[in-house]
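Q: What follows is protein15.txt; its format and atoms are compact mmCIF, C-alpha atoms and all ligand atoms.
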```
# COMPACT_ATOMS: atom_id res chain seq x y z
CA MET A 1 102.07 125.05 113.47
CA ILE A 2 100.79 126.11 110.04
CA GLN A 3 102.64 127.32 106.98
CA ARG A 4 101.05 130.12 105.03
CA GLU A 5 101.67 130.79 101.38
CA ARG A 6 100.45 133.59 99.11
CA ILE A 7 99.47 131.91 95.84
CA ALA A 8 98.28 134.99 93.92
CA ASP A 9 96.89 138.42 94.83
CA ASN A 10 94.46 137.85 97.70
CA VAL A 11 94.70 134.05 97.40
CA TYR A 12 96.34 132.10 100.22
CA SER A 13 96.94 128.52 101.21
CA PHE A 14 97.70 127.08 104.64
CA GLN A 15 99.31 123.76 105.41
CA SER A 16 99.33 121.92 108.72
CA GLU A 17 102.71 121.04 110.17
CA VAL A 18 101.15 118.66 112.67
CA TYR A 19 98.53 116.53 110.90
CA ALA A 20 98.97 114.80 107.52
CA GLN A 21 100.04 118.00 105.72
CA VAL A 22 96.35 118.86 105.40
CA THR A 23 95.66 122.19 103.69
CA ALA A 24 93.13 125.02 103.71
CA GLY A 25 92.80 128.18 101.64
CA ALA A 26 91.43 131.70 101.61
CA VAL A 27 90.35 134.17 98.96
CA VAL A 28 90.14 137.69 100.32
CA GLY A 29 88.03 140.54 98.99
CA PRO A 30 87.94 144.21 100.06
CA SER A 31 85.19 143.71 102.64
CA TRP A 32 85.01 139.98 103.37
CA ALA A 33 86.79 136.68 102.77
CA VAL A 34 86.06 133.09 101.82
CA VAL A 35 87.80 130.22 103.61
CA ILE A 36 88.22 126.92 101.80
CA ASP A 37 88.31 124.06 104.34
CA THR A 38 89.33 124.17 107.97
CA LEU A 39 92.28 122.26 109.46
CA ALA A 40 92.43 119.21 111.72
CA LEU A 41 93.21 120.93 115.04
CA PRO A 42 91.03 123.72 116.41
CA GLU A 43 94.05 125.93 117.15
CA GLU A 44 95.18 125.66 113.52
CA THR A 45 91.78 126.79 112.25
CA LEU A 46 91.82 129.61 114.79
CA ALA A 47 95.24 130.68 113.51
CA ILE A 48 93.79 130.97 109.99
CA ARG A 49 90.84 132.98 111.30
CA ASP A 50 93.11 135.30 113.27
CA TYR A 51 95.28 135.91 110.24
CA ILE A 52 92.32 136.85 108.03
CA GLU A 53 90.29 138.78 110.59
CA GLN A 54 93.09 140.49 112.49
CA GLU A 55 95.97 140.92 110.04
CA LEU A 56 93.96 141.33 106.84
CA SER A 57 91.11 142.96 108.78
CA VAL A 58 88.15 141.39 106.97
CA PRO A 59 85.52 139.02 108.34
CA VAL A 60 85.03 135.53 106.93
CA ARG A 61 81.64 135.47 105.22
CA TYR A 62 81.74 131.99 103.64
CA VAL A 63 83.45 128.71 104.48
CA ILE A 64 83.54 126.11 101.70
CA ASP A 65 83.89 122.48 102.81
CA THR A 66 85.57 120.47 100.03
CA HIS A 67 84.16 117.32 101.67
CA SER A 68 82.88 116.01 104.99
CA HIS A 69 86.05 114.46 106.45
CA ALA A 70 86.93 115.66 109.94
CA ASP A 71 90.29 117.14 108.98
CA HIS A 72 88.54 119.47 106.50
CA ALA A 73 85.12 120.28 107.97
CA TRP A 74 85.19 120.11 111.74
CA GLY A 75 86.41 123.68 112.05
CA ASN A 76 83.20 125.16 110.59
CA CYS A 77 82.10 126.12 114.11
CA PHE A 78 84.97 128.59 114.46
CA PHE A 79 83.34 130.87 111.88
CA PRO A 80 80.01 131.57 113.58
CA GLY A 81 79.20 134.52 111.31
CA ALA A 82 79.86 132.62 108.10
CA THR A 83 77.63 130.64 105.76
CA ILE A 84 78.98 127.14 105.14
CA ILE A 85 78.85 125.83 101.56
CA GLY A 86 79.30 122.20 100.49
CA HIS A 87 78.00 119.34 98.39
CA SER A 88 74.59 118.12 99.54
CA LEU A 89 76.20 114.75 100.34
CA CYS A 90 78.78 116.53 102.50
CA ARG A 91 75.95 117.81 104.65
CA ASN A 92 74.44 114.30 104.85
CA TYR A 93 77.74 112.66 105.80
CA LEU A 94 78.59 115.23 108.47
CA GLU A 95 75.16 114.73 109.97
CA ALA A 96 75.43 110.93 109.80
CA ASN A 97 78.82 110.97 111.57
CA ARG A 98 77.73 113.26 114.38
CA SER A 99 78.48 110.59 116.99
CA THR A 100 82.14 110.39 115.88
CA LEU A 101 82.63 114.00 116.92
CA ASP A 102 80.86 113.34 120.22
CA ASP A 103 83.31 110.48 120.89
CA VAL A 104 86.35 112.57 119.99
CA ARG A 105 85.18 115.43 122.20
CA ARG A 106 84.93 113.06 125.15
CA GLN A 107 88.39 111.62 124.52
CA ASN A 108 90.37 114.67 123.50
CA GLN A 109 90.40 117.90 125.47
CA SER A 110 91.46 120.04 122.53
CA TYR A 111 88.17 119.26 120.73
CA ARG A 112 85.93 120.20 123.66
CA ASN A 113 84.78 123.44 122.00
CA VAL A 114 84.15 121.87 118.61
CA ARG A 115 80.57 121.44 117.58
CA LEU A 116 79.16 120.26 114.31
CA VAL A 117 78.02 122.96 111.89
CA LEU A 118 76.45 121.64 108.70
CA PRO A 119 76.63 123.44 105.35
CA GLN A 120 73.61 125.72 105.02
CA MET A 121 74.10 126.19 101.29
CA THR A 122 74.46 123.03 99.22
CA PHE A 123 74.52 121.93 95.60
CA ASP A 124 74.94 118.58 93.88
CA GLN A 125 74.99 119.20 90.15
CA GLY A 126 76.53 121.76 87.84
CA ILE A 127 78.57 124.63 89.24
CA LEU A 128 78.14 127.38 91.77
CA ASN A 129 79.80 130.79 91.30
CA LEU A 130 80.82 133.10 94.09
CA ARG A 131 82.28 136.59 93.49
CA VAL A 132 84.84 137.79 96.02
CA GLY A 133 86.07 141.28 95.17
CA LYS A 134 87.54 140.93 91.67
CA LYS A 135 87.77 137.13 91.86
CA THR A 136 85.30 134.59 90.53
CA LEU A 137 85.19 131.29 92.35
CA THR A 138 83.69 128.32 90.52
CA LEU A 139 82.66 125.42 92.72
CA MET A 140 82.25 122.04 91.05
CA ALA A 141 82.00 118.38 91.97
CA LEU A 142 85.30 116.49 91.72
CA PRO A 143 84.52 113.04 93.14
CA GLY A 144 86.64 109.92 93.66
CA HIS A 145 88.33 110.43 97.01
CA SER A 146 84.77 110.70 98.27
CA ASP A 147 81.56 111.25 96.35
CA ASP A 148 80.96 114.57 98.11
CA ASN A 149 84.31 116.11 97.12
CA ILE A 150 84.11 119.51 95.45
CA ALA A 151 86.84 121.77 94.07
CA VAL A 152 87.10 125.56 93.98
CA LEU A 153 88.61 127.21 90.91
CA VAL A 154 89.82 130.80 91.17
CA GLU A 155 89.06 131.64 87.54
CA GLU A 156 91.26 134.75 87.16
CA ASP A 157 94.35 133.03 88.58
CA ARG A 158 93.67 129.47 87.29
CA VAL A 159 94.29 128.20 90.81
CA LEU A 160 92.37 125.07 91.80
CA PHE A 161 91.68 124.13 95.40
CA ALA A 162 91.03 120.47 94.63
CA GLY A 163 90.13 119.08 98.04
CA ASP A 164 91.30 115.49 98.38
CA ALA A 165 90.82 114.78 94.66
CA ALA A 166 94.48 115.88 94.64
CA MET A 167 96.75 114.17 97.14
CA PRO A 168 100.40 113.05 96.90
CA LEU A 169 99.02 109.52 97.28
CA PRO A 170 95.48 109.12 95.94
CA TYR A 171 93.17 107.79 98.68
CA ILE A 172 89.98 106.01 97.63
CA VAL A 173 88.66 104.23 100.72
CA ASP A 174 85.52 106.41 100.86
CA GLY A 175 85.33 106.89 97.09
CA GLU A 176 85.50 105.23 93.69
CA VAL A 177 88.72 104.57 91.83
CA ASP A 178 87.25 105.29 88.38
CA ASP A 179 85.64 108.54 89.55
CA LEU A 180 89.00 109.69 90.89
CA ALA A 181 90.73 108.82 87.61
CA ALA A 182 88.10 110.89 85.75
CA SER A 183 88.58 113.79 88.17
CA LEU A 184 92.36 113.71 87.69
CA LYS A 185 91.96 113.75 83.91
CA LYS A 186 89.56 116.66 84.20
CA MET A 187 92.11 118.59 86.30
CA GLY A 188 94.75 117.89 83.67
CA LYS A 189 92.63 119.66 81.03
CA MET A 190 91.76 122.76 83.03
CA GLY A 191 94.79 124.86 82.10
CA LEU A 192 95.84 125.44 85.70
CA GLU A 193 98.64 127.50 87.20
CA ASN A 194 98.52 125.70 90.55
CA ILE A 195 96.72 122.84 92.21
CA ILE A 196 96.27 123.17 95.95
CA GLN A 197 96.07 119.57 97.10
CA GLY A 198 93.93 118.60 100.07
CA HIS A 199 97.13 117.28 101.62
CA GLY A 200 100.74 118.04 100.70
CA ASP A 201 102.51 120.72 98.75
CA ILE A 202 101.24 123.00 96.02
CA VAL A 203 101.53 121.49 92.53
CA LEU A 204 103.04 124.10 90.18
CA ARG A 205 102.11 124.55 86.53
CA GLY A 206 105.20 122.73 85.25
CA GLU A 207 104.53 119.78 87.55
CA ILE A 208 100.85 119.26 86.81
CA ASP A 209 101.13 116.90 83.82
CA ASN A 210 103.48 114.63 85.66
CA PHE A 211 101.40 114.78 88.83
CA ILE A 212 98.29 113.65 86.92
CA LYS A 213 100.19 110.94 85.08
CA GLU A 214 101.76 109.51 88.25
CA ASN A 215 98.49 109.50 90.17
CA LEU A 216 96.66 107.81 87.29
CA ALA A 217 99.44 105.21 87.09
CA TYR A 218 99.13 104.56 90.82
CA LEU A 219 95.37 104.01 90.53
CA SER A 220 95.83 101.65 87.62
CA ASN A 221 98.50 99.73 89.61
CA LEU A 222 96.04 99.36 92.49
CA LYS A 223 93.50 97.83 90.12
CA LYS A 224 96.11 95.46 88.65
CA VAL A 225 97.23 94.23 92.08
CA VAL A 226 93.68 93.65 93.26
CA ARG A 227 92.76 91.83 90.06
CA LYS A 228 95.82 89.59 90.39
CA ALA A 229 94.98 88.92 94.05
CA SER A 230 91.43 87.93 93.15
CA ARG A 231 92.72 85.02 91.09
CA ARG A 232 94.72 83.57 93.98
CA ARG A 233 93.64 81.27 96.73
CA TYR A 234 95.27 83.59 99.30
CA PRO A 235 94.67 87.08 97.93
CA GLN A 236 96.08 88.70 101.06
CA GLU A 237 99.58 87.47 100.13
CA ILE A 238 99.45 89.38 96.85
CA LEU A 239 98.15 92.50 98.59
CA ASP A 240 100.96 92.24 101.19
CA GLU A 241 103.63 91.95 98.52
CA ALA A 242 102.40 95.07 96.72
CA THR A 243 104.25 97.79 98.62
CA VAL A 244 103.52 101.44 98.00
CA GLU A 245 106.86 101.66 96.16
CA SER A 246 105.95 98.75 93.86
CA CYS A 247 102.86 100.76 92.89
CA GLY A 248 104.98 103.77 92.00
CA LYS A 249 104.78 105.99 95.10
CA SER A 250 107.09 106.75 98.02
CA ARG A 251 106.19 105.82 101.58
CA VAL A 252 107.42 109.15 102.96
CA LEU A 253 104.50 111.03 101.35
CA ILE A 254 101.81 112.70 103.51
CA GLY A 255 104.07 112.89 106.54
CA GLY A 256 104.91 109.18 106.36
CA LEU A 257 101.27 108.03 106.27
CA ALA A 258 101.50 106.85 102.65
CA GLY A 259 102.34 103.22 103.48
CA GLU A 260 99.29 102.82 105.70
CA LEU A 261 96.96 104.68 103.32
CA HIS A 262 98.18 102.45 100.50
CA ARG A 263 97.34 99.28 102.52
CA ARG A 264 93.85 100.62 103.16
CA ASN A 265 93.42 101.48 99.46
CA LEU A 266 94.23 97.90 98.45
CA ARG A 267 91.98 96.30 101.05
CA SER A 268 89.02 98.54 100.31
CA LEU A 269 89.33 98.21 96.53
CA TYR A 270 89.53 94.43 96.88
CA ARG A 271 86.40 94.38 99.03
CA LYS A 272 84.50 96.63 96.67
CA LEU A 273 85.29 94.52 93.61
CA TYR A 274 85.47 90.99 95.02
CA GLY A 275 83.89 90.99 98.47
CA GLU A 276 85.41 90.20 101.86
CA LEU A 277 89.05 89.13 101.96
CA PRO A 278 89.31 85.62 103.35
CA THR A 279 91.32 85.79 106.58
CA PRO A 280 93.85 83.01 107.37
CA SER A 281 91.53 81.58 110.04
CA ASP A 282 88.61 81.40 107.55
CA GLU A 283 90.89 79.50 105.20
CA ASP A 284 91.91 77.05 107.93
CA GLU A 285 88.29 76.43 108.79
CA ASP A 286 87.46 75.81 105.16
CA GLU A 287 90.21 73.24 104.91
CA TYR A 288 89.05 71.56 108.09
CA TYR A 289 85.51 71.26 106.82
CA ASP A 290 86.68 70.03 103.46
CA GLU A 291 88.66 67.19 105.04
CA ASP A 292 85.79 66.36 107.31
CA GLU A 293 83.13 66.21 104.64
CA ASP A 294 83.44 62.48 103.90
CA ASN A 295 82.37 61.25 107.32
CA ASP A 296 79.82 63.92 107.90
CA ASP A 297 76.71 61.67 107.90
CA GLU A 298 75.31 62.85 111.18
CA GLU A 299 74.76 66.47 110.04
ZN ZN A 301 91.76 114.87 103.97
```
The structure given in the file should be rewritten as structure tokens.
Ligand SMILES: [Zn+2]

A:
Amino acid sequence: MIQRERIADNVYSFQSEVYAQVTAGAVVGPSWAVVIDTLALPEETLAIRDYIEQELSVPVRYVIDTHSHADHAWGNCFFPGATIIGHSLCRNYLEANRSTLDDVRRQNQSYRNVRLVLPQMTFDQGILNLRVGKKTLTLMALPGHSDDNIAVLVEEDRVLFAGDAAMPLPYIVDGEVDDLAASLKKMGKMGLENIIQGHGDIVLRGEIDNFIKENLAYLSNLKKVVRKASRRRYPQEILDEATVESCGKSRVLIGGLAGELHRRNLRSLYRKLYGELPTPSDEDEDEYYDEDEDNDDEE
């Protein structure tokens, strides 16, 4: 159900085989470990916990949430002895979306034991350092996918757990396109060995430049499409024509979700920059009223 990979000494990543290739990580010291994100399904998070606590024989003392989204932070409750760390906004968003978890618990048996655990330790500016055995973790904001996204750099290994600031297809519905572009550029200058994306495969040193370039190009294509659409009477037509491939990415990415995520990116960016998209029925109504305006004396 999950794939485990050893990235460097005492540094691991885990990838879901069932939901959106979402990832988590762990940095393990001699007497305790840090987990970076939990996975979407409770049994996947439990598999990570069992691996660390039973096979590596150390307890998990800290869990770092890279951001508040359910597929990364709803497993906090499976580490009852750990302190949860996140951006202060991550805590706010988890709290604000409490009812979503209540709904899911009612609808889906496998979430019945999940309860919300908010980060107890938060920060919003600068960096936070955490020493784990011989490793130094540097936590820093890396916004764009969401404004609460943080990344964790393992300094000694130059390994970056980027949260969803790194994805095979950038996703900006809860974030800001320009913030994400800035975060990608920042990653490109960090001298990294590996980027652990929030979803998808590990980006290796030799692939990083191209990864950054392609993701920046995709974001700039999104902006171009939306700008073009804004000049048309029926913007939706332009958005529909702009397939994920025409913006430089493949639809098979993220377990085949890329096409749908791309649609949502376009719609949300349009709304943010130009307001609500006129729907076909709105347009029809407008035309009707236009035609009717001449003999409209009574109103
Ligand atoms: Zn995610």

Q: Take every atom of region 180-191 of chain A listed in the file, pad by 4 Å on each side, and give me the axis-aligned box centre and edge lengths in Å, one decimal, as JSON.

A:
```
{"center_x": 91.4, "center_y": 116.8, "center_z": 86.0, "size_x": 14.7, "size_y": 24.0, "size_z": 17.9}
```

Q: Using only C-alpha atoms and a cutoff of 12 Å, can you tell me which residues are near (79.4, 132.6, 104.7) in the file's coordinates, and write them out as a list in words?

A: Trp32, Ala33, Val34, Val35, Ile36, Pro59, Val60, Arg61, Tyr62, Val63, Ile64, Asp65, Asn76, Cys77, Phe78, Phe79, Pro80, Gly81, Ala82, Thr83, Ile84, Ile85, Gly86, Pro119, Gln120, Met121, Leu130 and Val132 of chain A

Q: All residues within 8 Å of ligand ZN 301 (chain A) are required, counting only C-alpha atoms and all ligand atoms; please report them as a list in words.

A: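 I would give the residues around ligand ZN 301 (chain A) as Val22, His69, Ala70, Asp71, His72, Gly163, Asp164, Gly198 and His199 of chain A.
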
Q: Using all atoms listed in the file for the distances, tell me which of A:His145, A:Arg231, A:His67, A:Lys272 is nearest to Ala181 (chain A).

A: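 Closest to Ala181 (chain A), using all atoms listed in the file: A:His145.
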
Q: Using only C-alpha atoms, which residues of region 69-164 of chain A come within 12 Å of region 203-215 of chain A, and what is the closest atom pair for each, with the distance in Å to one decimal? Give it as a tab-separated table, sorted by chain and residue number.

A:
```
residue	atom	partner	partner_atom	distance
A:Asp157	CA	A:Arg205	CA	11.7
A:Arg158	CA	A:Arg205	CA	9.8
A:Val159	CA	A:Arg205	CA	9.6
A:Leu160	CA	A:Val203	CA	9.9
A:Phe161	CA	A:Val203	CA	10.6
A:Ala162	CA	A:Val203	CA	10.8
```

Q: Rounded to one decimal place, report the CA of Asn10 (chain A)-CA of Met167 (chain A) distance in Å.

A: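 Taking CA of Asn10 (chain A) as the start and CA of Met167 (chain A) as the end point, the length is 23.8 Å.
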
Q: Pick out the closest residue to Pro170 (chain A) from this set: A:Leu137, A:Leu118, A:Leu39, A:Leu261. Count all atoms listed in the file.

A: A:Leu261

Q: Which residue is closest to Val244 (chain A)? Choose from A:Gly175, A:Gly275, A:Pro143, A:Gly256 and count all atoms listed in the file.

A: A:Gly256

Q: Could you work out how far CA of Ile196 (chain A) lies from CA of Asp50 (chain A), giving the answer in Å with one decimal?

A: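 Value for the CA of Asp50 (chain A)-CA of Ile196 (chain A) distance: 21.4 Å.
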
Q: Could you state the separation of CA of Gly75 (chain A) and CA of Thr45 (chain A) in Å, given to one decimal place?

A: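 Pair CA of Gly75 (chain A) / CA of Thr45 (chain A) returns 6.2 Å.
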
Q: Neighbours of Ser13 (chain A) within 8 Å (only C-alpha atoms; same-chain residues fewer than 6 positions away dropped), as a PyMOL selection string?

A: chain A and resi 4-7+23-26+196

Q: Given all atoms listed in the file as the basis, pick out the residue of A:Tyr19, A:Tyr171, A:Trp74, A:Tyr111 nearest to Asn97 (chain A).

A: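 Checking each candidate against Asn97 (chain A), we get A:Trp74 as the closest.
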
Q: Quick one: everything within 12 Å of Ala217 (chain A), counting only C-alpha atoms, minus sequence neighbours fewer than 6 positions away in the same chain. Send it as a ChimeraX atom specification.

A: /A:169-170,177,180-181,184-185,210-211,223-224,246-249

Q: Smallest atom-to-atom distance to Glu156 (chain A): which of A:Leu253, A:Leu192, A:Leu101, A:Leu89, using all atoms listed in the file?

A: A:Leu192

Q: Please, which residues are within 12 Å of (97.5, 142.8, 104.8) by the file's coordinates, counting all atoms listed in the file, and could they come as a PyMOL selection string?

A: chain A and resi 6+9-12+28-30+51-58

Q: Give me the residues near Ile150 (chain A) as an MDAnalysis selection string, where near means some atom within 6 Å (using only C-alpha atoms) and where sequence neighbours in that chain fewer than 5 positions away do not count.

A: chainID A and resid 66 140:142

Q: Measuring between all atoms listed in the file, which one of A:Gln15, A:Val173, A:Arg264, A:Asn92 shows the shortest distance to Gln197 (chain A)?

A: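 With all atoms listed in the file as the atom set, the closest residue is A:Gln15.
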
Q: Using the incomplete input, complete region 3-20 of chain A to the level of N, CA, C and O atoms; output as a PDB file, keeping the file's coordinate frame.

A:
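Writing done, so here's out19.pdb:
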```pdb
ATOM      1  N   GLN A   3     101.885 126.527 107.950  1.00  0.00           N
ATOM      2  CA  GLN A   3     102.640 127.320 106.980  1.00  0.00           C
ATOM      3  C   GLN A   3     101.643 128.057 106.103  1.00  0.00           C
ATOM      4  O   GLN A   3     100.679 127.462 105.626  1.00  0.00           O
ATOM      5  N   ARG A   4     101.936 129.331 105.879  1.00  0.00           N
ATOM      6  CA  ARG A   4     101.050 130.120 105.030  1.00  0.00           C
ATOM      7  C   ARG A   4     101.775 130.461 103.745  1.00  0.00           C
ATOM      8  O   ARG A   4     102.956 130.756 103.746  1.00  0.00           O
ATOM      9  N   GLU A   5     101.052 130.399 102.645  1.00  0.00           N
ATOM     10  CA  GLU A   5     101.670 130.790 101.380  1.00  0.00           C
ATOM     11  C   GLU A   5     100.716 131.681 100.596  1.00  0.00           C
ATOM     12  O   GLU A   5      99.506 131.449 100.563  1.00  0.00           O
ATOM     13  N   ARG A   6     101.264 132.731  99.974  1.00  0.00           N
ATOM     14  CA  ARG A   6     100.450 133.590  99.110  1.00  0.00           C
ATOM     15  C   ARG A   6     100.582 133.038  97.700  1.00  0.00           C
ATOM     16  O   ARG A   6     101.666 132.993  97.141  1.00  0.00           O
ATOM     17  N   ILE A   7      99.452 132.595  97.136  1.00  0.00           N
ATOM     18  CA  ILE A   7      99.470 131.910  95.840  1.00  0.00           C
ATOM     19  C   ILE A   7      99.371 132.935  94.707  1.00  0.00           C
ATOM     20  O   ILE A   7     100.004 132.818  93.665  1.00  0.00           O
ATOM     21  N   ALA A   8      98.497 133.905  94.886  1.00  0.00           N
ATOM     22  CA  ALA A   8      98.280 134.990  93.920  1.00  0.00           C
ATOM     23  C   ALA A   8      97.756 136.156  94.741  1.00  0.00           C
ATOM     24  O   ALA A   8      97.592 136.024  95.956  1.00  0.00           O
ATOM     25  N   ASP A   9      97.477 137.297  94.094  1.00  0.00           N
ATOM     26  CA  ASP A   9      96.890 138.420  94.830  1.00  0.00           C
ATOM     27  C   ASP A   9      95.658 137.952  95.584  1.00  0.00           C
ATOM     28  O   ASP A   9      94.717 137.410  94.970  1.00  0.00           O
ATOM     29  N   ASN A  10      95.645 138.145  96.889  1.00  0.00           N
ATOM     30  CA  ASN A  10      94.460 137.850  97.700  1.00  0.00           C
ATOM     31  C   ASN A  10      94.056 136.372  97.739  1.00  0.00           C
ATOM     32  O   ASN A  10      92.929 136.046  98.085  1.00  0.00           O
ATOM     33  N   VAL A  11      94.971 135.500  97.343  1.00  0.00           N
ATOM     34  CA  VAL A  11      94.700 134.050  97.400  1.00  0.00           C
ATOM     35  C   VAL A  11      95.793 133.397  98.244  1.00  0.00           C
ATOM     36  O   VAL A  11      96.984 133.565  97.952  1.00  0.00           O
ATOM     37  N   TYR A  12      95.387 132.694  99.285  1.00  0.00           N
ATOM     38  CA  TYR A  12      96.340 132.100 100.220  1.00  0.00           C
ATOM     39  C   TYR A  12      96.071 130.620 100.402  1.00  0.00           C
ATOM     40  O   TYR A  12      94.942 130.163 100.267  1.00  0.00           O
ATOM     41  N   SER A  13      97.152 129.887 100.743  1.00  0.00           N
ATOM     42  CA  SER A  13      96.940 128.520 101.210  1.00  0.00           C
ATOM     43  C   SER A  13      97.649 128.339 102.539  1.00  0.00           C
ATOM     44  O   SER A  13      98.596 129.062 102.862  1.00  0.00           O
ATOM     45  N   PHE A  14      97.155 127.381 103.311  1.00  0.00           N
ATOM     46  CA  PHE A  14      97.700 127.080 104.640  1.00  0.00           C
ATOM     47  C   PHE A  14      97.921 125.580 104.715  1.00  0.00           C
ATOM     48  O   PHE A  14      97.085 124.803 104.248  1.00  0.00           O
ATOM     49  N   GLN A  15      99.044 125.194 105.288  1.00  0.00           N
ATOM     50  CA  GLN A  15      99.310 123.760 105.410  1.00  0.00           C
ATOM     51  C   GLN A  15      99.658 123.418 106.844  1.00  0.00           C
ATOM     52  O   GLN A  15     100.476 124.103 107.471  1.00  0.00           O
ATOM     53  N   SER A  16      99.050 122.357 107.356  1.00  0.00           N
ATOM     54  CA  SER A  16      99.330 121.920 108.720  1.00  0.00           C
ATOM     55  C   SER A  16     100.729 121.326 108.821  1.00  0.00           C
ATOM     56  O   SER A  16     101.149 120.558 107.962  1.00  0.00           O
ATOM     57  N   GLU A  17     101.425 121.674 109.902  1.00  0.00           N
ATOM     58  CA  GLU A  17     102.710 121.040 110.170  1.00  0.00           C
ATOM     59  C   GLU A  17     102.557 119.894 111.164  1.00  0.00           C
ATOM     60  O   GLU A  17     103.519 119.221 111.485  1.00  0.00           O
ATOM     61  N   VAL A  18     101.332 119.710 111.661  1.00  0.00           N
ATOM     62  CA  VAL A  18     101.150 118.660 112.670  1.00  0.00           C
ATOM     63  C   VAL A  18     100.322 117.470 112.195  1.00  0.00           C
ATOM     64  O   VAL A  18     100.549 116.344 112.622  1.00  0.00           O
ATOM     65  N   TYR A  19      99.363 117.667 111.306  1.00  0.00           N
ATOM     66  CA  TYR A  19      98.530 116.530 110.900  1.00  0.00           C
ATOM     67  C   TYR A  19      98.481 116.347 109.389  1.00  0.00           C
ATOM     68  O   TYR A  19      97.855 117.129 108.672  1.00  0.00           O
ATOM     69  N   ALA A  20      99.145 115.312 108.888  1.00  0.00           N
ATOM     70  CA  ALA A  20      98.970 114.800 107.520  1.00  0.00           C
ATOM     71  C   ALA A  20      99.073 115.860 106.423  1.00  0.00           C
ATOM     72  O   ALA A  20      98.470 115.716 105.366  1.00  0.00           O
TER      73      ALA A  20
END
```
